[in-house]
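> Here you go, this is input-v8.cif (mmCIF, C-alpha atoms and all ligand atoms).
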```cif
data_structure
#
loop_
_atom_site.label_atom_id
_atom_site.label_comp_id
_atom_site.auth_asym_id
_atom_site.auth_seq_id
_atom_site.Cartn_x
_atom_site.Cartn_y
_atom_site.Cartn_z
CA MET A 1 -1.28 -12.25 -22.46
CA GLU A 2 -2.55 -9.11 -24.10
CA LEU A 3 -0.17 -6.13 -24.01
CA ILE A 4 -1.51 -2.65 -24.72
CA VAL A 5 1.11 0.09 -24.98
CA THR A 6 -0.15 3.65 -24.68
CA ASP A 7 1.56 6.90 -25.58
CA ASN A 8 1.33 8.26 -22.07
CA TYR A 9 -0.08 7.87 -18.56
CA GLN A 10 -3.32 9.64 -19.40
CA ALA A 11 -4.14 7.19 -22.16
CA LEU A 12 -3.23 4.28 -19.88
CA SER A 13 -5.64 5.65 -17.27
CA GLN A 14 -8.47 6.09 -19.79
CA ILE A 15 -8.13 2.61 -21.30
CA GLY A 16 -7.76 0.99 -17.87
CA ALA A 17 -10.81 2.84 -16.52
CA GLU A 18 -12.87 1.80 -19.54
CA MET A 19 -11.92 -1.84 -18.95
CA ILE A 20 -12.90 -1.67 -15.26
CA ALA A 21 -16.12 0.19 -16.11
CA GLY A 22 -16.93 -2.53 -18.66
CA VAL A 23 -16.66 -5.21 -15.98
CA ILE A 24 -18.85 -3.19 -13.60
CA ARG A 25 -21.51 -2.63 -16.27
CA ALA A 26 -21.55 -6.31 -17.23
CA GLN A 27 -21.62 -7.49 -13.62
CA PRO A 28 -22.54 -4.74 -11.14
CA ASP A 29 -21.81 -6.94 -8.10
CA ALA A 30 -18.48 -8.28 -9.39
CA ALA A 31 -15.86 -9.30 -6.80
CA VAL A 32 -12.86 -7.14 -7.57
CA VAL A 33 -9.44 -6.34 -6.18
CA LEU A 34 -8.36 -2.75 -6.68
CA PRO A 35 -4.88 -1.62 -5.59
CA THR A 36 -3.36 1.46 -4.06
CA GLY A 37 -0.11 2.93 -5.40
CA ASP A 38 0.46 5.87 -7.72
CA THR A 39 -0.27 4.02 -10.97
CA PRO A 40 -4.02 3.34 -10.58
CA MET A 41 -4.92 6.85 -9.37
CA GLY A 42 -5.48 8.19 -12.89
CA MET A 43 -7.91 5.31 -13.59
CA TYR A 44 -9.76 6.03 -10.36
CA ARG A 45 -10.11 9.71 -11.31
CA GLU A 46 -11.48 8.64 -14.71
CA LEU A 47 -13.97 6.28 -13.03
CA ALA A 48 -15.07 9.02 -10.61
CA GLU A 49 -15.64 11.31 -13.60
CA ARG A 50 -17.87 8.68 -15.22
CA LYS A 51 -19.82 8.37 -11.96
CA ARG A 52 -20.25 12.19 -11.81
CA ARG A 53 -21.60 12.15 -15.37
CA GLY A 54 -24.11 9.49 -14.33
CA GLU A 55 -22.52 6.87 -16.61
CA LEU A 56 -21.38 4.43 -13.94
CA ASP A 57 -22.99 2.88 -10.88
CA ALA A 58 -20.44 1.06 -8.73
CA SER A 59 -22.58 0.94 -5.59
CA ASN A 60 -23.02 -2.85 -5.76
CA LEU A 61 -19.38 -3.68 -6.48
CA ARG A 62 -17.68 -5.97 -3.92
CA VAL A 63 -14.14 -4.75 -3.35
CA PHE A 64 -11.44 -6.87 -1.72
CA GLN A 65 -8.43 -5.12 -0.28
CA LEU A 66 -5.15 -6.17 -1.89
CA ASP A 67 -2.67 -5.37 0.85
CA GLU A 68 -2.22 -3.51 4.13
CA TYR A 69 0.61 -2.64 6.47
CA LEU A 70 0.75 -4.54 9.74
CA GLY A 71 -0.39 -2.78 12.90
CA ILE A 72 -2.04 0.10 11.04
CA THR A 73 -5.62 1.06 11.92
CA PRO A 74 -7.97 2.29 9.15
CA ASP A 75 -7.76 5.88 10.45
CA ASP A 76 -3.94 5.96 10.37
CA PRO A 77 -2.82 8.32 7.56
CA ARG A 78 -0.67 5.48 6.16
CA SER A 79 -3.55 3.00 5.99
CA LEU A 80 -3.88 1.55 2.50
CA TYR A 81 -7.59 1.05 3.26
CA GLY A 82 -7.85 4.77 4.02
CA TRP A 83 -6.08 5.57 0.74
CA LEU A 84 -8.61 3.47 -1.18
CA ALA A 85 -11.50 5.03 0.76
CA ARG A 86 -10.40 8.54 -0.24
CA SER A 87 -9.46 7.80 -3.83
CA LEU A 88 -12.10 5.24 -4.74
CA PHE A 89 -14.85 4.27 -2.30
CA GLU A 90 -16.00 7.81 -1.55
CA PRO A 91 -15.84 9.22 -5.11
CA LEU A 92 -17.50 6.11 -6.56
CA GLY A 93 -20.09 5.69 -3.81
CA ILE A 94 -18.97 2.19 -2.79
CA PRO A 95 -20.40 1.55 0.69
CA ASP A 96 -18.09 0.29 3.45
CA ALA A 97 -20.28 -2.78 3.83
CA ASN A 98 -19.21 -3.85 0.31
CA VAL A 99 -15.51 -3.82 1.17
CA VAL A 100 -13.63 -6.84 2.49
CA ARG A 101 -10.72 -5.46 4.46
CA LEU A 102 -7.37 -7.05 5.13
CA PRO A 103 -7.21 -6.02 8.77
CA GLY A 104 -3.60 -5.05 9.43
CA ASP A 105 -4.62 -4.33 13.03
CA ALA A 106 -6.16 -7.77 13.76
CA GLU A 107 -4.79 -9.48 16.85
CA ASP A 108 -4.67 -12.88 15.19
CA GLN A 109 -3.29 -12.38 11.69
CA VAL A 110 -3.38 -16.07 10.81
CA ALA A 111 -7.11 -16.22 11.57
CA ALA A 112 -7.77 -12.90 9.79
CA CYS A 113 -6.00 -14.08 6.63
CA ARG A 114 -7.83 -17.41 6.70
CA ALA A 115 -11.15 -15.57 7.13
CA TYR A 116 -10.31 -13.35 4.11
CA ASP A 117 -9.57 -16.40 1.95
CA GLN A 118 -12.84 -17.99 3.05
CA VAL A 119 -14.78 -14.91 1.94
CA VAL A 120 -12.96 -15.01 -1.42
CA GLU A 121 -13.85 -18.66 -1.80
CA ALA A 122 -17.48 -18.05 -0.83
CA ALA A 123 -17.60 -15.33 -3.50
CA GLY A 124 -16.45 -17.91 -6.06
CA GLY A 125 -13.04 -16.25 -6.48
CA PHE A 126 -12.28 -12.86 -7.95
CA ASP A 127 -13.99 -11.66 -11.13
CA LEU A 128 -11.37 -8.98 -11.71
CA VAL A 129 -7.99 -8.29 -10.12
CA VAL A 130 -6.30 -4.99 -10.93
CA LEU A 131 -2.62 -4.86 -10.02
CA GLY A 132 0.27 -2.45 -10.00
CA LEU A 133 3.82 -3.73 -10.39
CA GLY A 134 6.21 -3.55 -7.45
CA PRO A 135 9.80 -2.47 -8.08
CA ASN A 136 10.97 -6.05 -7.40
CA GLY A 137 8.08 -7.73 -9.20
CA HIS A 138 5.87 -8.03 -6.14
CA LEU A 139 2.12 -8.27 -6.65
CA GLY A 140 0.25 -6.73 -3.73
CA PHE A 141 2.91 -7.44 -1.12
CA ASN A 142 3.79 -10.93 -2.38
CA GLU A 143 7.50 -10.35 -2.02
CA PRO A 144 10.12 -12.41 -3.82
CA PRO A 145 10.62 -15.29 -3.48
CA ALA A 146 6.88 -16.02 -3.68
CA ASP A 147 5.30 -19.35 -4.41
CA SER A 148 2.46 -19.25 -6.94
CA HIS A 149 0.32 -21.18 -4.43
CA ALA A 150 1.00 -18.83 -1.51
CA PRO A 151 -2.22 -17.94 0.35
CA THR A 152 -3.19 -14.64 1.95
CA ARG A 153 -0.65 -14.06 4.72
CA LEU A 154 1.64 -11.91 6.78
CA VAL A 155 4.94 -11.02 5.07
CA ASP A 156 8.18 -9.23 5.87
CA LEU A 157 8.67 -6.31 3.51
CA SER A 158 11.85 -6.23 1.46
CA GLU A 159 14.19 -3.26 1.48
CA ALA A 160 13.10 -2.45 -2.09
CA SER A 161 9.44 -2.30 -1.07
CA ILE A 162 10.13 -0.20 2.00
CA GLU A 163 12.15 2.26 -0.11
CA SER A 164 9.41 2.35 -2.74
CA SER A 165 6.65 2.88 -0.14
CA ALA A 166 8.67 5.69 1.49
CA ARG A 167 7.70 8.00 -1.38
CA TYR A 168 4.06 7.77 -0.31
CA TRP A 169 4.72 8.74 3.31
CA GLY A 170 7.80 10.93 2.96
CA ASP A 171 10.15 8.96 5.19
CA LYS A 172 11.43 5.39 5.17
CA ASN A 173 11.07 5.21 8.95
CA LEU A 174 7.31 5.69 8.63
CA VAL A 175 6.95 2.51 6.57
CA PRO A 176 6.04 -0.58 8.63
CA CYS A 177 8.37 -3.57 8.14
CA GLN A 178 5.55 -6.10 7.73
CA ALA A 179 2.30 -6.29 5.80
CA VAL A 180 -0.60 -8.57 4.98
CA THR A 181 -1.24 -9.40 1.35
CA ALA A 182 -3.85 -11.22 -0.67
CA GLY A 183 -2.30 -14.54 -1.69
CA MET A 184 -0.73 -15.38 -5.04
CA VAL A 185 -3.10 -18.29 -5.50
CA GLN A 186 -6.18 -16.08 -5.02
CA LEU A 187 -4.82 -13.36 -7.33
CA LEU A 188 -3.61 -15.67 -10.11
CA GLY A 189 -6.93 -17.55 -10.02
CA ALA A 190 -8.97 -14.47 -10.95
CA ARG A 191 -11.23 -14.71 -13.97
CA ARG A 192 -9.59 -11.56 -15.33
CA ILE A 193 -6.42 -9.67 -14.42
CA LEU A 194 -5.37 -6.16 -15.38
CA LEU A 195 -1.78 -5.07 -14.71
CA VAL A 196 -1.01 -1.37 -15.06
CA VAL A 197 2.57 -0.15 -15.37
CA SER A 198 3.82 3.36 -15.90
CA GLY A 199 7.20 5.06 -16.05
CA ALA A 200 10.78 4.39 -17.08
CA HIS A 201 11.65 3.18 -13.56
CA LYS A 202 9.42 0.12 -14.19
CA ARG A 203 11.01 -0.70 -17.57
CA GLU A 204 13.40 -3.41 -16.42
CA ILE A 205 10.99 -5.17 -14.05
CA LEU A 206 8.21 -5.07 -16.66
CA HIS A 207 10.55 -6.70 -19.17
CA GLN A 208 11.36 -9.44 -16.63
CA THR A 209 7.64 -9.83 -15.89
CA ILE A 210 6.63 -10.34 -19.49
CA ALA A 211 9.69 -11.77 -21.19
CA GLY A 212 11.91 -13.17 -18.44
CA PRO A 213 11.88 -16.66 -16.94
CA VAL A 214 8.91 -17.60 -14.74
CA THR A 215 10.45 -17.64 -11.30
CA PRO A 216 9.51 -17.12 -7.63
CA ASN A 217 12.19 -14.42 -7.60
CA VAL A 218 9.98 -12.29 -9.84
CA PRO A 219 6.45 -13.01 -8.55
CA SER A 220 4.88 -11.01 -11.40
CA SER A 221 6.43 -13.43 -13.92
CA TYR A 222 3.74 -15.97 -12.92
CA LEU A 223 1.34 -13.76 -14.85
CA GLN A 224 2.82 -15.31 -18.02
CA ARG A 225 1.02 -18.52 -17.07
CA VAL A 226 -2.47 -17.05 -16.87
CA SER A 227 -4.45 -16.61 -20.04
CA ASN A 228 -6.88 -13.93 -18.96
CA ILE A 229 -4.47 -11.08 -18.44
CA THR A 230 -4.21 -7.64 -19.99
CA VAL A 231 -1.13 -5.53 -19.36
CA ILE A 232 -1.46 -1.81 -20.01
CA ALA A 233 1.91 -0.07 -20.06
CA ASP A 234 2.82 3.41 -21.16
CA ARG A 235 5.60 4.01 -23.65
CA ASP A 236 8.02 4.94 -20.86
CA ALA A 237 7.61 1.53 -19.27
CA TRP A 238 7.57 -0.44 -22.55
CA PRO A 239 9.56 1.50 -25.16
CA SER A 240 9.38 0.64 -28.81
CA LYS A 241 12.59 -0.69 -30.32
CA ARG A 242 13.69 2.69 -31.62
CA ASP A 243 13.42 4.25 -28.13
CA GLU A 244 15.48 1.55 -26.45
C1 LIG B 1 3.23 -1.09 -3.75
C2 LIG B 1 1.98 -1.91 -3.39
C3 LIG B 1 1.36 -2.52 -4.60
C4 LIG B 1 1.45 -1.53 -5.73
C5 LIG B 1 2.88 -1.45 -6.17
C6 LIG B 1 3.15 -0.42 -7.24
O1 LIG B 1 4.28 -1.33 -2.89
N1 LIG B 1 2.19 -2.93 -2.43
O2 LIG B 1 0.04 -2.89 -4.30
O3 LIG B 1 0.65 -1.97 -6.79
O4 LIG B 1 3.73 -1.30 -5.06
O5 LIG B 1 2.98 0.89 -6.78
P1 LIG B 1 3.02 2.16 -7.72
O6 LIG B 1 1.82 2.10 -8.60
O7 LIG B 1 2.97 3.35 -6.77
O8 LIG B 1 4.29 2.09 -8.48
#
```
Before we go any further, please render this structure as structure tokens.
Ligand code: GLP

Amino acid sequence: MELIVTDNYQALSQIGAEMIAGVIRAQPDAAVVLPTGDTPMGMYRELAERKRRGELDASNLRVFQLDEYLGITPDDPRSLYGWLARSLFEPLGIPDANVVRLPGDAEDQVAACRAYDQVVEAAGGFDLVVLGLGPNGHLGFNEPPADSHAPTRLVDLSEASIESSARYWGDKNLVPCQAVTAGMVQLLGARRILLVVSGAHKREILHQTIAGPVTPNVPSSYLQRVSNITVIADRDAWPSKRDE
């Protein structure tokens, strides 16, 4: 595991964006997972800036959705797909046809999740998975306890995740109680993983992720077992000894 600690969020965003841009340049049609959440937004703004300057062409990228609330249509203001469309697909010029959705509004969730995993398999797995860190160590919406072999599936959201999501939508009651998430086995099997973590509120869970025991109770701790992972954390999330 490679750990890069930056002085602040801006530096985290620049380094993360450069890493993603490097993958896109090396393999323009890479199969990638890109998350929602507050943490990656700075990277997405950096990538959009590179596109505006004519330095990046992401139009052939294949993007797989990481997670989605259950029962939410793409035009619902809370849709995680919609969030990605506004913050990433539109500014980077990634066509809809290149995006593999996790349809939270599908009638048969079991079939929809199986279909998603089949597309991942047909793509030969993920080339790059970018992840944020949930307050309880969830990856996507792989809530604890999560088996490292768990496939893409429907999950009940924990109280911690509902509380954390409430800040996006302003009210806890607006957060659906269930979600679909890309599976642990698909995420952990990626050829490359980038975990981005910012802020003092992530300090404890980042420590457990990197230095705690590997346990289903902290799904992110499984990242210790993969060799191809880079963690970028800002100083607030990973203080140096003298700050602790
Ligand atoms: C959310 C999402 C994750 C996200 C994580 C961190 O609940 N399910 O996909 O990466 O929690 O979010 P943030 O970056 O806003 O802290």
> Check the smallest atom-to-atom distance from each of A:Pro151, A:Pro40, A:Pro144, A:Gly134 to A:Trp83 using all atoms listed in the file, then report the winner.
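Comparing A:Pro151, A:Pro40, A:Pro144, A:Gly134 against A:Trp83, the winner is A:Pro40.
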> Between A:Gln14, A:Asn98, A:Ser165, A:Thr73, which residue has the minimum interatomic distance to ligand LIG 1 (chain B), considering all atoms listed in the file?
A:Ser165
> Restricting the calculation to all atoms listed in the file: of A:Trp238, A:Phe64, A:Tyr168, A:Phe141, which residue gets closest to ligand LIG 1 (chain B)?
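Checking each of A:Trp238, A:Phe64, A:Tyr168, A:Phe141 against ligand LIG 1 (chain B), counting all atoms listed in the file, the winner is A:Phe141.
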> Find the residue from A:Val231, A:Ala160, A:Leu133, A:Leu88 that sits nearest to ligand LIG 1 (chain B); use only C-alpha atoms and all ligand atoms when measuring.
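Looking at the shortest contact to ligand LIG 1 (chain B), the residue is A:Leu133.
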> Quick check, in Å to one decimal: how far apart do atom CA of A:Cys113 and atom CA of A:Arg101 lie?
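Calculated distance between atom CA of A:Cys113 and atom CA of A:Arg101 is 10.1 Å.
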> From the set A:Gln118, A:Thr209, A:Tyr222, A:Gly93, which residue has the shortest atom-to-atom contact distance to A:His149, counting all atoms listed in the file?
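The answer is A:Tyr222, which sits nearest to A:His149.
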> For atom CA of A:His207 and atom CA of A:Glu163, quote the distance in Å rounded to one decimal.
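Separation of atom CA of A:His207 and atom CA of A:Glu163: 21.1 Å.
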> Atom CA of A:Asp171 and atom CA of A:Val197 are how many Å apart?
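That distance, rounded to one decimal, is 23.7 Å.
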> Could you check which of A:Ala97, A:Val23, A:Ile162, A:Val129 is closest to ligand LIG 1 (chain B), using only C-alpha atoms and all ligand atoms?
A:Ile162
> Anything within 10 Å of (-13.7, 9.6, -17.4): list those residues as a list in words, counting all atoms listed in the file and sticking to the file's coordinates.
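All residues meeting the 10 Å criterion around (-13.7, 9.6, -17.4) are Ser13, Gln14, Ile15, Ala17, Glu18, Ala21, Gly42, Met43, Tyr44, Arg45, Glu46, Leu47, Ala48, Glu49, Arg50, Lys51, Arg52, Arg53, Glu55 and Leu56 of chain A.
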> Please write out the residues within 8 Å of ligand LIG 1 (chain B) as a PyMOL selection string, counting only C-alpha atoms and all ligand atoms.
chain A and resi 35-40+66-68+131-135+138-141+161-162+164-165+168+196-198+202
> Dump stretch 97-108 of chain A with all heavy atoms to a file, as a CSV table (one decimal), in the first residue's frame.

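See out04.csv below for the written result:
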```csv
chain,number,residue,atom,x,y,z
A,97,ALA,N,-23.7,6.7,-23.1
A,97,ALA,CA,-23.6,5.3,-23.6
A,97,ALA,C,-22.3,4.6,-23.0
A,97,ALA,O,-22.2,3.4,-23.0
A,97,ALA,CB,-23.5,5.3,-25.1
A,98,ASN,N,-21.4,5.4,-22.5
A,98,ASN,CA,-20.2,4.8,-21.9
A,98,ASN,C,-20.3,4.5,-20.4
A,98,ASN,O,-19.4,4.2,-19.8
A,98,ASN,CB,-19.0,5.8,-22.1
A,98,ASN,CG,-18.5,5.9,-23.5
A,98,ASN,OD1,-19.2,5.5,-24.4
A,98,ASN,ND2,-17.3,6.4,-23.7
A,99,VAL,N,-21.5,4.8,-19.9
A,99,VAL,CA,-21.7,4.6,-18.4
A,99,VAL,C,-22.5,3.4,-18.1
A,99,VAL,O,-23.6,3.2,-18.7
A,99,VAL,CB,-22.4,5.9,-17.8
A,99,VAL,CG1,-22.5,5.7,-16.3
A,99,VAL,CG2,-21.6,7.1,-18.1
A,100,VAL,N,-22.0,2.6,-17.2
A,100,VAL,CA,-22.8,1.4,-16.8
A,100,VAL,C,-23.5,1.8,-15.5
A,100,VAL,O,-22.8,1.9,-14.5
A,100,VAL,CB,-21.9,0.2,-16.7
A,100,VAL,CG1,-22.7,-1.0,-16.2
A,100,VAL,CG2,-21.2,-0.1,-18.0
A,101,ARG,N,-24.8,1.9,-15.5
A,101,ARG,CA,-25.5,2.4,-14.3
A,101,ARG,C,-25.7,1.2,-13.4
A,101,ARG,O,-25.8,0.1,-13.8
A,101,ARG,CB,-26.9,2.9,-14.7
A,101,ARG,CG,-26.9,4.4,-15.1
A,101,ARG,CD,-28.3,4.8,-15.4
A,101,ARG,NE,-29.2,4.6,-14.2
A,101,ARG,CZ,-30.5,4.3,-14.2
A,101,ARG,NH1,-31.1,4.1,-15.4
A,101,ARG,NH2,-31.2,4.2,-13.1
A,102,LEU,N,-25.9,1.5,-12.1
A,102,LEU,CA,-26.5,0.6,-11.1
A,102,LEU,C,-27.9,1.1,-11.0
A,102,LEU,O,-28.1,2.1,-10.3
A,102,LEU,CB,-25.8,0.7,-9.8
A,102,LEU,CG,-24.6,-0.2,-9.5
A,102,LEU,CD1,-24.0,0.2,-8.2
A,102,LEU,CD2,-25.0,-1.6,-9.6
A,103,PRO,N,-28.9,0.4,-11.6
A,103,PRO,CA,-30.2,1.0,-11.7
A,103,PRO,C,-31.0,0.8,-10.3
A,103,PRO,O,-31.5,-0.2,-10.1
A,103,PRO,CB,-30.9,0.3,-12.8
A,103,PRO,CG,-30.1,-1.0,-13.0
A,103,PRO,CD,-28.8,-0.8,-12.3
A,104,GLY,N,-31.0,1.8,-9.5
A,104,GLY,CA,-31.7,1.8,-8.2
A,104,GLY,C,-33.2,1.7,-8.4
A,104,GLY,O,-33.9,1.3,-7.5
A,105,ASP,N,-33.6,2.0,-9.7
A,105,ASP,CA,-35.1,1.9,-9.9
A,105,ASP,C,-35.5,0.6,-10.7
A,105,ASP,O,-36.7,0.5,-11.1
A,105,ASP,CB,-35.5,3.1,-10.7
A,105,ASP,CG,-34.7,3.3,-12.0
A,105,ASP,OD1,-33.6,2.7,-12.1
A,105,ASP,OD2,-35.2,4.0,-12.9
A,106,ALA,N,-34.6,-0.3,-10.8
A,106,ALA,CA,-34.9,-1.6,-11.5
A,106,ALA,C,-36.0,-2.3,-10.7
A,106,ALA,O,-35.9,-2.4,-9.5
A,106,ALA,CB,-33.7,-2.4,-11.7
A,107,GLU,N,-36.9,-3.0,-11.4
A,107,GLU,CA,-37.9,-3.8,-10.7
A,107,GLU,C,-37.3,-5.0,-10.1
A,107,GLU,O,-37.6,-5.4,-9.0
A,107,GLU,CB,-39.0,-4.2,-11.7
A,107,GLU,CG,-40.2,-3.4,-11.6
A,107,GLU,CD,-41.3,-3.8,-12.6
A,107,GLU,OE1,-41.5,-5.0,-12.7
A,107,GLU,OE2,-41.8,-2.8,-13.2
A,108,ASP,N,-36.4,-5.7,-10.8
A,108,ASP,CA,-35.7,-6.9,-10.3
A,108,ASP,C,-34.3,-6.5,-9.9
A,108,ASP,O,-33.4,-6.6,-10.8
A,108,ASP,CB,-35.8,-8.0,-11.3
A,108,ASP,CG,-35.3,-9.3,-10.8
A,108,ASP,OD1,-34.5,-9.3,-9.8
A,108,ASP,OD2,-35.5,-10.3,-11.4
```
